[in-house]
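As structure tokens, the structure follows; a few thoughts come after it.
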Amino acid sequence: MAYSTSNPPVLMVPSIGSASAWWNYTSTHGSTAVGAAGLVTNALDLGMKVNDVVLIVQSTGTVPVPGRVSAVSSTGATIATTA
């Protein structure tokens, strides 16, 4: 499974003050794959931060799964998922 920077998470609601930003990530990846350490390799460039919320939508039609950015580094973001 490979992440493509041509299909990055999309910022839906920017962070205001100390509130978390909300992102949408739609791809063929399931929530388990999205939860892999460092999947979103361009997270810093996108502006993702720890505790941002990510709605993971698998394009094959499964139910969206919420996730939370648990780590961000120069190599990518880790998104903790509930499924």
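In the structure tokens, chains take the letters A, B, ... in the order shown, each chain's residues start at 1, and ligands count up from 1 in the order shown.
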
Residues at most 6 Å from Asp52 in chain A, counting only C-alpha atoms, excluding those fewer than 6 positions away in the same chain, as a PDB file with C-alpha atoms, in the first residue's frame?
```
ATOM      1  CA  SER A  20      -8.182  20.786  16.183  1.00  0.00           C
ATOM      2  CA  ALA A  21      -8.389  21.057  12.412  1.00  0.00           C
ATOM      3  CA  ARG A  68      -6.767  11.407  15.058  1.00  0.00           C
ATOM      4  CA  VAL A  69      -3.279  12.532  14.158  1.00  0.00           C
TER       5      VAL A  69
END
```

Asn51 in chain A surroundings by only C-alpha atoms, 12 Å radius, close-in-sequence under 2 positions cut, as a PyMOL selection string: chain A and resi 15+18-23+48-49+53-54+66-72+77-81

Looking at A:Thr62, A:Val40, A:Pro9, A:Ile16, which one is nearest to Ser74 in chain A, with distances taken over only C-alpha atoms? A:Val40

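Using only C-alpha atoms, the nearest neighbour of Thr26 in chain A within the list A:Val50, A:Thr41, A:Val13, A:Val63 is A:Val63.
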
With distances taken over only C-alpha atoms, which residue among A:Ser4, A:Gly17, A:Val10, A:Gly30 lies nearest Gly61 in chain A?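 For Gly61 in chain A, the nearest of the candidates is A:Gly30.
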
I need the alpha helix (DSSP H) residues of chain A per DSSP on the backbone, written as JSON, numbers by chain. {"A": [31, 32, 33, 34, 43, 44, 45, 46]}

Please report, as a VMD selection string, each residue of chain A to which DSSP assigns strand (DSSP E or B) when run on this structure's backbone. chain A and resid 10 to 13 22 to 27 40 53 to 58 65 to 73 76 to 81
